[in-house]
$ cat coords_25.txt   # compact mmCIF, C-alpha atoms
# COMPACT_ATOMS: atom_id res chain seq x y z
CA GLN A 131 -107.93 -92.92 29.66
CA GLY A 132 -105.73 -95.15 27.50
CA GLY A 133 -103.04 -94.49 24.93
CA MET A 134 -102.62 -92.71 21.61
CA LEU A 135 -105.26 -92.70 18.88
CA ASP A 136 -104.65 -92.87 15.13
CA LEU A 137 -107.34 -91.00 13.24
CA HIS A 138 -108.31 -92.32 9.82
CA THR A 139 -108.98 -90.24 6.72
CA GLU A 140 -112.46 -91.59 6.01
CA SER A 141 -113.74 -91.51 9.60
CA GLY A 142 -112.05 -89.63 12.44
CA GLN A 143 -110.48 -87.05 10.16
CA ALA A 144 -113.73 -86.59 8.25
CA ALA A 145 -115.54 -85.93 11.53
CA LEU A 146 -112.98 -83.30 12.55
CA HIS A 147 -113.46 -81.54 9.21
CA ALA A 148 -117.23 -81.62 9.68
CA ALA A 149 -116.86 -80.12 13.16
CA GLY A 150 -114.56 -77.35 11.96
CA LEU A 151 -111.73 -78.57 14.19
CA TRP A 152 -109.14 -79.54 11.59
CA GLU A 153 -106.61 -76.83 12.39
CA GLU A 154 -106.76 -77.52 16.11
CA PHE A 155 -106.19 -81.20 15.36
CA LEU A 156 -103.17 -80.49 13.14
CA ALA A 157 -101.57 -78.48 15.93
CA ALA A 158 -101.84 -81.44 18.32
CA VAL A 159 -100.73 -84.28 16.01
CA HIS A 160 -97.82 -86.37 17.33
CA THR A 161 -95.11 -85.75 14.75
CA GLY A 162 -93.42 -89.02 13.82
CA GLY A 163 -96.11 -91.05 15.54
CA GLU A 164 -97.05 -93.07 12.45
CA ALA A 165 -93.81 -95.04 12.68
CA MET A 166 -94.40 -98.75 13.36
CA ARG A 167 -92.29 -101.74 14.37
CA ILE A 168 -92.90 -105.45 14.73
CA VAL A 169 -90.45 -107.09 17.12
CA GLY A 170 -89.78 -110.66 18.21
CA ARG A 171 -89.60 -111.60 21.87
CA ASP A 172 -85.80 -111.62 21.58
CA GLY A 173 -85.84 -107.93 20.65
CA THR A 174 -85.09 -108.49 16.96
CA VAL A 175 -86.76 -105.85 14.80
CA LEU A 176 -88.59 -107.83 12.12
CA LEU A 177 -90.30 -104.92 10.36
CA ALA A 178 -89.80 -101.18 10.72
CA GLU A 179 -91.75 -98.44 8.97
CA GLN A 180 -90.92 -94.77 9.36
CA ASP A 181 -93.35 -91.89 9.46
CA ASP A 182 -93.06 -90.42 5.95
CA GLY A 183 -93.56 -86.91 7.27
CA SER A 184 -96.56 -86.11 5.09
CA ALA A 185 -99.16 -83.85 6.65
CA PRO A 186 -102.53 -85.38 7.55
CA GLY A 187 -104.78 -85.24 4.51
CA GLU A 188 -101.89 -85.27 2.02
CA ASN A 189 -101.58 -89.05 2.03
CA ALA A 190 -104.72 -91.14 1.62
CA HIS A 191 -103.18 -93.77 3.91
CA SER A 192 -102.16 -91.26 6.56
CA ARG A 193 -103.32 -92.13 10.07
CA PRO A 194 -101.83 -89.42 12.29
CA GLU A 195 -101.51 -90.11 16.00
CA ILE A 196 -102.91 -87.81 18.67
CA ASP A 197 -102.86 -88.08 22.42
CA ARG A 198 -106.30 -89.13 23.66
CA THR A 199 -106.29 -86.31 26.23
CA ASP A 200 -105.50 -83.72 23.55
CA LEU A 201 -108.37 -84.97 21.38
CA ARG A 202 -110.79 -84.76 24.33
CA ARG A 203 -109.58 -81.22 25.03
CA ILE A 204 -110.16 -80.16 21.41
CA LEU A 205 -113.64 -81.65 21.26
CA LEU A 206 -114.80 -80.41 24.66
CA GLY A 207 -113.23 -76.99 24.13
CA SER A 208 -115.32 -76.45 21.01
CA LEU A 209 -118.59 -76.64 22.98
CA PRO A 210 -120.43 -73.76 24.69
CA ALA A 211 -119.89 -73.62 28.44
CA GLY A 212 -122.33 -75.84 30.30
CA THR A 213 -123.05 -78.17 27.38
CA VAL A 214 -121.50 -81.11 29.23
CA ARG A 215 -122.92 -81.73 32.68
CA TRP A 216 -120.26 -83.54 34.70
CA GLY A 217 -121.14 -85.83 37.59
CA ALA A 218 -124.42 -86.90 35.97
CA LYS A 219 -124.19 -90.69 35.91
CA ALA A 220 -127.17 -92.30 34.20
CA THR A 221 -128.38 -95.45 35.94
CA GLY A 222 -131.32 -96.36 33.71
CA ALA A 223 -133.93 -95.27 31.17
CA THR A 224 -137.66 -95.89 30.95
CA PRO A 225 -139.83 -95.49 27.80
CA LEU A 226 -142.75 -93.09 28.28
CA GLY A 227 -144.33 -93.54 24.85
CA GLY A 228 -144.31 -91.28 21.83
CA GLY A 229 -140.50 -91.42 21.60
CA ARG A 230 -140.05 -89.87 25.06
CA HIS A 231 -137.90 -91.43 27.80
CA ALA A 232 -137.21 -90.83 31.47
CA ILE A 233 -133.51 -90.98 32.39
CA GLU A 234 -132.64 -91.76 36.00
CA PHE A 235 -129.37 -90.52 37.50
CA ALA A 236 -127.30 -91.78 40.41
CA ASP A 237 -128.01 -88.66 42.47
CA GLY A 238 -131.76 -89.31 42.33
CA ARG A 239 -132.62 -86.85 39.59
CA THR A 240 -134.79 -87.76 36.61
CA VAL A 241 -135.02 -85.95 33.28
CA THR A 242 -137.42 -86.49 30.40
CA THR A 243 -136.20 -86.51 26.80
CA ASP A 244 -137.82 -85.83 23.47
CA PHE A 245 -134.80 -87.36 21.75
CA LEU A 246 -132.19 -89.65 23.30
CA ILE A 247 -128.74 -90.65 22.01
CA GLY A 248 -127.01 -93.44 23.89
CA ALA A 249 -123.33 -92.53 23.64
CA ASP A 250 -122.51 -94.07 27.00
CA GLY A 251 -119.96 -96.68 26.03
CA ALA A 252 -119.45 -100.41 26.40
CA TRP A 253 -121.82 -100.93 29.33
CA SER A 254 -124.47 -98.55 28.05
CA ARG A 255 -127.55 -97.98 30.21
CA ILE A 256 -129.42 -96.84 27.10
CA ARG A 257 -128.74 -99.91 24.92
CA PRO A 258 -131.38 -102.08 26.67
CA LEU A 259 -134.08 -99.78 25.27
CA LEU A 260 -133.15 -101.08 21.82
CA SER A 261 -131.34 -104.39 22.16
CA ASP A 262 -130.81 -107.25 24.59
CA ALA A 263 -127.22 -107.72 23.38
CA THR A 264 -124.44 -107.54 25.98
CA PRO A 265 -120.67 -107.37 25.44
CA LEU A 266 -118.87 -110.71 25.57
CA TYR A 267 -115.26 -111.35 26.59
CA SER A 268 -113.10 -111.45 23.46
CA GLY A 269 -110.53 -113.86 24.86
CA VAL A 270 -107.84 -111.17 25.21
CA SER A 271 -106.92 -109.25 28.37
CA PHE A 272 -104.77 -106.14 28.68
CA VAL A 273 -102.74 -104.74 31.53
CA GLU A 274 -101.78 -101.13 30.87
CA ALA A 275 -98.48 -99.70 32.09
CA ASP A 276 -96.32 -96.60 31.56
CA LEU A 277 -92.62 -95.78 31.49
CA HIS A 278 -92.27 -92.06 32.17
CA ASP A 279 -89.48 -89.97 30.61
CA ALA A 280 -88.47 -93.09 28.75
CA ALA A 281 -85.61 -91.70 26.63
CA VAL A 282 -83.75 -90.53 29.75
CA ARG A 283 -84.71 -93.17 32.32
CA HIS A 284 -85.04 -96.21 30.04
CA PRO A 285 -83.01 -95.40 26.90
CA ALA A 286 -82.56 -98.98 25.67
CA THR A 287 -86.27 -99.69 25.82
CA ALA A 288 -87.13 -96.31 24.28
CA GLU A 289 -84.75 -96.98 21.38
CA LEU A 290 -86.31 -100.38 20.72
CA VAL A 291 -89.87 -99.04 20.90
CA GLY A 292 -89.14 -96.29 18.37
CA GLN A 293 -91.09 -93.12 17.65
CA GLY A 294 -94.54 -94.61 17.09
CA MET A 295 -96.17 -97.97 17.74
CA MET A 296 -94.47 -101.29 18.43
CA PHE A 297 -95.87 -104.83 18.39
CA ALA A 298 -93.67 -107.29 20.29
CA LEU A 299 -95.36 -110.67 19.85
CA HIS A 300 -94.82 -114.31 20.56
CA GLY A 301 -97.58 -116.87 20.42
CA GLN A 302 -100.74 -115.77 22.13
CA GLN A 303 -99.33 -112.80 24.02
CA GLY A 304 -97.49 -109.60 23.36
CA LEU A 305 -96.41 -106.11 24.36
CA LEU A 306 -98.02 -103.32 22.34
CA THR A 307 -96.64 -99.83 22.87
CA HIS A 308 -96.98 -96.20 21.82
CA LEU A 309 -94.49 -93.41 22.37
CA GLU A 310 -96.63 -90.57 23.70
CA THR A 311 -96.23 -86.83 23.23
CA ASP A 312 -94.93 -86.33 26.78
CA GLY A 313 -92.04 -88.75 26.17
CA SER A 314 -93.58 -91.65 28.06
CA VAL A 315 -94.09 -95.12 26.65
CA HIS A 316 -97.60 -96.46 27.11
CA ALA A 317 -97.73 -100.24 27.03
CA TYR A 318 -100.55 -102.71 26.63
CA ILE A 319 -99.44 -106.04 28.08
CA ALA A 320 -101.72 -108.39 26.16
CA ARG A 321 -102.52 -112.07 26.67
CA ARG A 322 -105.01 -114.45 25.12
CA VAL A 323 -106.28 -116.03 28.33
CA ASP A 324 -109.40 -117.13 30.16
CA ALA A 325 -111.57 -114.39 31.62
CA ASP A 326 -110.54 -115.31 35.18
CA TRP A 327 -106.88 -114.29 34.74
CA LEU A 328 -107.26 -110.58 35.53
CA PRO A 329 -109.57 -111.15 38.54
CA SER A 330 -106.96 -113.53 39.95
CA LEU A 331 -104.43 -110.68 40.27
CA ASP A 332 -104.40 -108.14 43.10
CA PHE A 333 -103.96 -104.80 41.36
CA THR A 334 -104.16 -102.94 44.68
CA ASP A 335 -100.66 -104.33 45.34
CA THR A 336 -98.72 -102.94 42.39
CA GLY A 337 -95.51 -104.80 43.16
CA ALA A 338 -97.24 -108.16 43.42
CA ALA A 339 -99.29 -107.51 40.27
CA ARG A 340 -96.16 -106.49 38.37
CA ALA A 341 -94.35 -109.67 39.41
CA ALA A 342 -97.34 -111.85 38.55
CA VAL A 343 -97.60 -110.38 35.05
CA LEU A 344 -93.86 -110.39 34.45
CA GLN A 345 -93.55 -114.15 35.05
CA HIS A 346 -95.48 -114.77 31.82
CA PHE A 347 -92.68 -113.06 29.88
CA ASP A 348 -89.75 -115.18 31.04
CA GLY A 349 -87.21 -115.50 28.23
CA TRP A 350 -88.17 -112.20 26.61
CA ASP A 351 -85.55 -109.54 25.92
CA ASP A 352 -84.78 -107.41 28.99
CA ARG A 353 -85.65 -104.22 27.07
CA LEU A 354 -89.15 -105.60 26.59
CA ARG A 355 -89.46 -106.99 30.12
CA ALA A 356 -88.62 -103.50 31.40
CA LEU A 357 -92.02 -102.33 30.15
CA ILE A 358 -93.45 -104.39 33.02
CA ALA A 359 -90.61 -104.59 35.55
CA ASP A 360 -89.90 -100.83 35.56
CA ALA A 361 -93.45 -99.58 35.03
CA ASP A 362 -94.26 -96.33 36.84
CA GLY A 363 -97.38 -96.10 38.95
CA PRO A 364 -100.23 -98.60 39.20
CA LEU A 365 -101.09 -101.13 36.51
CA THR A 366 -104.54 -100.92 34.91
CA PRO A 367 -106.38 -104.16 34.05
CA ARG A 368 -108.69 -104.17 31.01
CA ALA A 369 -110.57 -107.24 29.84
CA ILE A 370 -111.41 -106.72 26.16
CA HIS A 371 -115.09 -107.17 25.34
CA ALA A 372 -117.09 -106.92 22.11
CA LEU A 373 -120.69 -106.85 21.01
CA PRO A 374 -121.86 -109.37 18.40
CA ILE A 375 -120.44 -108.53 14.98
CA ASP A 376 -123.90 -108.13 13.44
CA HIS A 377 -125.37 -106.07 16.30
CA ARG A 378 -128.36 -103.99 15.23
CA TRP A 379 -131.79 -103.05 16.52
CA PRO A 380 -135.25 -102.23 15.15
CA ARG A 381 -136.08 -98.59 14.51
CA THR A 382 -137.32 -97.36 17.87
CA PRO A 383 -138.92 -93.90 18.14
CA GLY A 384 -136.90 -91.19 19.86
CA VAL A 385 -133.70 -93.11 20.59
CA THR A 386 -130.52 -94.40 18.93
CA LEU A 387 -126.94 -95.36 19.82
CA LEU A 388 -123.48 -94.33 18.69
CA GLY A 389 -119.88 -95.32 19.41
CA ASP A 390 -119.13 -98.26 21.70
CA ALA A 391 -122.74 -98.35 22.88
CA ALA A 392 -123.68 -99.30 19.32
CA HIS A 393 -120.73 -101.37 18.09
CA LEU A 394 -118.21 -102.20 20.80
CA MET A 395 -115.34 -104.17 19.26
CA SER A 396 -111.79 -105.15 20.14
CA PRO A 397 -109.17 -102.48 19.38
CA PHE A 398 -107.31 -104.47 16.75
CA ALA A 399 -108.71 -102.63 13.74
CA GLY A 400 -107.98 -99.25 15.35
CA GLU A 401 -111.52 -98.12 14.61
CA GLY A 402 -113.29 -97.58 17.94
CA ALA A 403 -112.74 -93.85 18.39
CA ASN A 404 -112.81 -93.27 14.64
CA LEU A 405 -116.23 -94.84 14.23
CA ALA A 406 -117.61 -93.02 17.28
CA MET A 407 -116.57 -89.70 15.78
CA LEU A 408 -117.97 -90.58 12.37
CA ASP A 409 -121.22 -91.76 13.97
CA GLY A 410 -121.56 -88.38 15.67
CA ALA A 411 -120.85 -86.44 12.50
CA GLU A 412 -123.29 -88.48 10.41
CA LEU A 413 -126.05 -88.36 13.02
CA ALA A 414 -125.64 -84.60 13.34
CA THR A 415 -125.80 -84.20 9.56
CA ALA A 416 -128.91 -86.35 9.31
CA LEU A 417 -130.66 -84.32 12.02
CA ALA A 418 -129.64 -81.04 10.40
CA ASP A 419 -130.99 -82.25 7.05
CA HIS A 420 -134.33 -83.29 8.62
CA PRO A 421 -134.95 -80.81 11.44
CA ASP A 422 -138.70 -81.44 11.46
CA ASP A 423 -138.53 -85.22 11.08
CA PRO A 424 -136.10 -86.79 13.56
CA GLU A 425 -137.42 -90.28 12.83
CA LYS A 426 -136.43 -89.92 9.19
CA ALA A 427 -133.01 -88.71 10.32
CA LEU A 428 -132.55 -91.73 12.61
CA ALA A 429 -133.61 -94.17 9.91
CA ARG A 430 -131.10 -92.66 7.50
CA TYR A 431 -128.33 -92.73 10.12
CA GLU A 432 -128.91 -96.35 11.13
CA GLU A 433 -129.21 -97.54 7.54
CA VAL A 434 -125.54 -96.63 7.05
CA LEU A 435 -124.42 -97.40 10.60
CA PHE A 436 -125.34 -101.09 10.70
CA PRO A 437 -123.45 -102.47 7.69
CA ARG A 438 -120.41 -100.30 8.36
CA SER A 439 -120.25 -101.42 11.99
CA SER A 440 -120.60 -105.10 11.08
CA GLU A 441 -117.85 -104.91 8.48
CA THR A 442 -115.43 -103.19 10.84
CA ALA A 443 -116.24 -105.48 13.78
CA ALA A 444 -115.48 -108.48 11.57
CA GLN A 445 -112.13 -106.94 10.60
CA SER A 446 -111.32 -106.33 14.25
CA ALA A 447 -112.13 -109.93 15.23
CA GLU A 448 -110.02 -111.23 12.35
CA SER A 449 -107.07 -109.04 13.37
CA LEU A 450 -107.33 -110.31 16.95
CA ASP A 451 -106.93 -113.88 15.68
CA ILE A 452 -103.96 -112.90 13.52
CA ILE A 453 -102.13 -111.00 16.28
CA PHE A 454 -102.64 -113.67 18.94
CA SER A 455 -102.15 -116.80 16.83
CA ASP A 456 -99.82 -119.61 17.87
CA ASP A 457 -97.26 -118.61 15.23
CA SER A 458 -97.41 -114.88 15.93
CA PRO A 459 -95.92 -112.53 14.78
CA ARG A 460 -95.89 -114.34 11.43
CA GLY A 461 -99.49 -113.49 10.55
CA LEU A 462 -99.09 -109.79 11.40
CA LEU A 463 -95.91 -109.57 9.32
CA GLU A 464 -97.71 -111.15 6.37
CA MET A 465 -100.67 -108.80 6.78
CA PHE A 466 -98.52 -105.67 6.74
CA THR A 467 -96.43 -106.97 3.85
CA ALA A 468 -99.57 -107.66 1.82
CA VAL A 469 -101.03 -104.21 2.58
CA ARG A 470 -97.84 -102.43 1.56
CA SER A 471 -97.26 -104.47 -1.64
$ encode --input "coords_25.txt" --output "structure tokens"
Amino acid sequence: QGGMLDLHTESGQAALHAAGLWEEFLAAVHTGGEAMRIVGRDGTVLLAEQDDGSAPGENAHSRPEIDRTDLRRILLGSLPAGTVRWGAKATGATPLGGGRHAIEFADGRTVTTDFLIGADGAWSRIRPLLSDATPLYSGVSFVEADLHDAAVRHPATAELVGQGMMFALHGQQGLLTHLETDGSVHAYIARRVDADWLPSLDFTDTGAARAAVLQHFDGWDDRLRALIADADGPLTPRAIHALPIDHRWPRTPGVTLLGDAAHLMSPFAGEGANLAMLDGAELATALADHPDDPEKALARYEEVLFPRSSETAAQSAESLDIIFSDDSPRGLLEMFTAVRS
């Protein structure tokens, strides 16, 4: 499912307040998780920021970390039993007129909707009803890895990583890590490469895949190389894709999009989950305010959604270029220094 999530005051946190789930969120926050380090490939710590210990909501710049699984548990646990129907994979959607749509499922079932929200992620089956846009490769590929029980089994690496997030960068590649609540270190092995790099690796052979990835980090500090060499379990390849920065669609009766289906972007602004949650909260509010006029609610929702998504997608693309520049980590250091000054 991926690593930790930092929830932002104006988006993810606002959505949790709107859903009445703030206290449950506070109980699951990763204490100390807002610490951050930027490290050179030789293991030199170039910038270190500590978690200031303030509670979420006390500090306008607070972005508390939560385990993705814990956030899913909180959100799903708040719903009445049976709300989510598992094992129902949508394979397509057909307009029926008058804002109604037929949704086809992999098991052969079909349902008809009066109102349809495409919240089905990067490769949305609902998006084609509204837009012919498709996600494009961003130029960056990830390989995800984990070091379990890091403080005991890999103490030198755990000490270097620290209590929160670490960016270890050199040129157009890096190792991005989070310390998770179970004591494991979750690593994103990131490279700015052609789209054919990941398909060229055999991830069914973990040992061979590990060796193939590790060779690109020759000369790096052994504590950093251990994130690859000593990784527990299989490696997970993820090619990073994004929709066009200015993605939008004409108002179409009975259907809209939210989250990655609407504005897939690279993760380098830290906004994907935050925007998805805010989208949901704002769409729900619009529908509650206009219970007898869903089209008015959708128009209001999309009027705010489009410019916000474009602005954030542009920030994400800019951050990608900064993080994976030839002189990295210089640009990231300058960005954090400017933000903090």
$ closest_residue --input "coords_25.txt" --among "A:His278, A:Arg255, A:Arg283, A:Arg353" --to "Ala223 (chain A)" --atoms "all atoms listed in the file"
A:Arg255
$ atom_distance --input "coords_25.txt" --atom1 "CA of Ala149 (chain A)" --atom2 "CA of Gly162 (chain A)"
25.1 Å
$ closest_atom_pairs --input "coords_25.txt" --of "region 394-469 of chain A" --to "region 267-271 of chain A" --cutoff "10 Å" --atoms "only C-alpha atoms" --output "CSV"
residue,atom,partner,partner_atom,distance
A:Met395,CA,A:Ser268,CA,8.7
A:Ser396,CA,A:Ser268,CA,7.2
A:Ala447,CA,A:Ser268,CA,8.4
A:Leu450,CA,A:Val270,CA,8.3
A:Asp451,CA,A:Gly269,CA,9.9
A:Phe454,CA,A:Val270,CA,8.5
$ closest_residue --input "coords_25.txt" --among "A:Asp197, A:Asp351, A:Asp390, A:Glu448" --to "Leu299 (chain A)" --atoms "only C-alpha atoms"
A:Asp351
$ atom_distance --input "coords_25.txt" --atom1 "CA of Ala252 (chain A)" --atom2 "CA of Ala342 (chain A)"
27.7 Å
$ closest_residue --input "coords_25.txt" --among "A:Phe347, A:Phe272, A:Phe333, A:Trp216" --to "Ala317 (chain A)" --atoms "all atoms listed in the file"
A:Phe272
$ atom_distance --input "coords_25.txt" --atom1 "CA of Leu394 (chain A)" --atom2 "CA of Thr382 (chain A)"
19.9 Å
$ closest_residue --input "coords_25.txt" --among "A:Val385, A:Ala416, A:Leu305, A:Ala403" --to "Leu246 (chain A)" --atoms "all atoms listed in the file"
A:Val385
$ build_atoms --input "coords_25.txt" --residues "region 353-371 of chain A" --atoms "N, CA, C and O atoms" --output "CSV table (one decimal), keeping the file's coordinate frame"
chain,number,residue,atom,x,y,z
A,353,ARG,N,-85.1,-105.5,27.4
A,353,ARG,CA,-85.6,-104.2,27.1
A,353,ARG,C,-87.2,-104.3,27.0
A,353,ARG,O,-87.9,-103.3,27.3
A,354,LEU,N,-87.7,-105.4,26.6
A,354,LEU,CA,-89.2,-105.6,26.6
A,354,LEU,C,-89.7,-105.9,28.0
A,354,LEU,O,-90.7,-105.3,28.4
A,355,ARG,N,-89.0,-106.7,28.8
A,355,ARG,CA,-89.5,-107.0,30.1
A,355,ARG,C,-89.5,-105.7,31.0
A,355,ARG,O,-90.3,-105.6,31.9
A,356,ALA,N,-88.6,-104.8,30.6
A,356,ALA,CA,-88.6,-103.5,31.4
A,356,ALA,C,-89.9,-102.7,31.3
A,356,ALA,O,-90.3,-102.0,32.2
A,357,LEU,N,-90.7,-103.0,30.3
A,357,LEU,CA,-92.0,-102.3,30.2
A,357,LEU,C,-92.9,-102.7,31.3
A,357,LEU,O,-93.8,-102.0,31.7
A,358,ILE,N,-92.7,-103.9,31.9
A,358,ILE,CA,-93.4,-104.4,33.0
A,358,ILE,C,-92.7,-104.2,34.3
A,358,ILE,O,-93.2,-103.5,35.3
A,359,ALA,N,-91.4,-104.6,34.3
A,359,ALA,CA,-90.6,-104.6,35.6
A,359,ALA,C,-90.4,-103.2,36.1
A,359,ALA,O,-90.3,-103.0,37.3
A,360,ASP,N,-90.2,-102.2,35.2
A,360,ASP,CA,-89.9,-100.8,35.6
A,360,ASP,C,-91.1,-99.9,35.4
A,360,ASP,O,-90.9,-98.7,35.5
A,361,ALA,N,-92.3,-100.4,35.3
A,361,ALA,CA,-93.4,-99.6,35.0
A,361,ALA,C,-93.7,-98.6,36.2
A,361,ALA,O,-93.5,-99.0,37.4
A,362,ASP,N,-94.0,-97.4,35.8
A,362,ASP,CA,-94.3,-96.3,36.8
A,362,ASP,C,-95.7,-96.3,37.2
A,362,ASP,O,-96.6,-96.4,36.3
A,363,GLY,N,-96.0,-96.2,38.5
A,363,GLY,CA,-97.4,-96.1,39.0
A,363,GLY,C,-98.1,-97.4,38.9
A,363,GLY,O,-97.6,-98.5,38.6
A,364,PRO,N,-99.4,-97.4,39.2
A,364,PRO,CA,-100.2,-98.6,39.2
A,364,PRO,C,-100.4,-99.2,37.8
A,364,PRO,O,-100.4,-98.4,36.8
A,365,LEU,N,-100.7,-100.5,37.8
A,365,LEU,CA,-101.1,-101.1,36.5
A,365,LEU,C,-102.6,-101.1,36.4
A,365,LEU,O,-103.3,-101.1,37.4
A,366,THR,N,-103.1,-101.0,35.1
A,366,THR,CA,-104.5,-100.9,34.9
A,366,THR,C,-105.0,-102.2,34.1
A,366,THR,O,-104.6,-102.4,33.0
A,367,PRO,N,-105.9,-103.0,34.8
A,367,PRO,CA,-106.4,-104.2,34.0
A,367,PRO,C,-107.5,-103.8,33.1
A,367,PRO,O,-108.4,-103.0,33.5
A,368,ARG,N,-107.6,-104.4,31.9
A,368,ARG,CA,-108.7,-104.2,31.0
A,368,ARG,C,-109.0,-105.5,30.3
A,368,ARG,O,-108.2,-105.9,29.4
A,369,ALA,N,-110.1,-106.1,30.6
A,369,ALA,CA,-110.6,-107.2,29.8
A,369,ALA,C,-111.3,-106.7,28.6
A,369,ALA,O,-112.1,-105.8,28.7
A,370,ILE,N,-110.9,-107.2,27.4
A,370,ILE,CA,-111.4,-106.7,26.2
A,370,ILE,C,-112.7,-107.4,25.8
A,370,ILE,O,-112.7,-108.7,25.7
A,371,HIS,N,-113.8,-106.6,25.7
A,371,HIS,CA,-115.1,-107.2,25.3
A,371,HIS,C,-115.5,-106.7,24.0
A,371,HIS,O,-115.0,-105.7,23.4
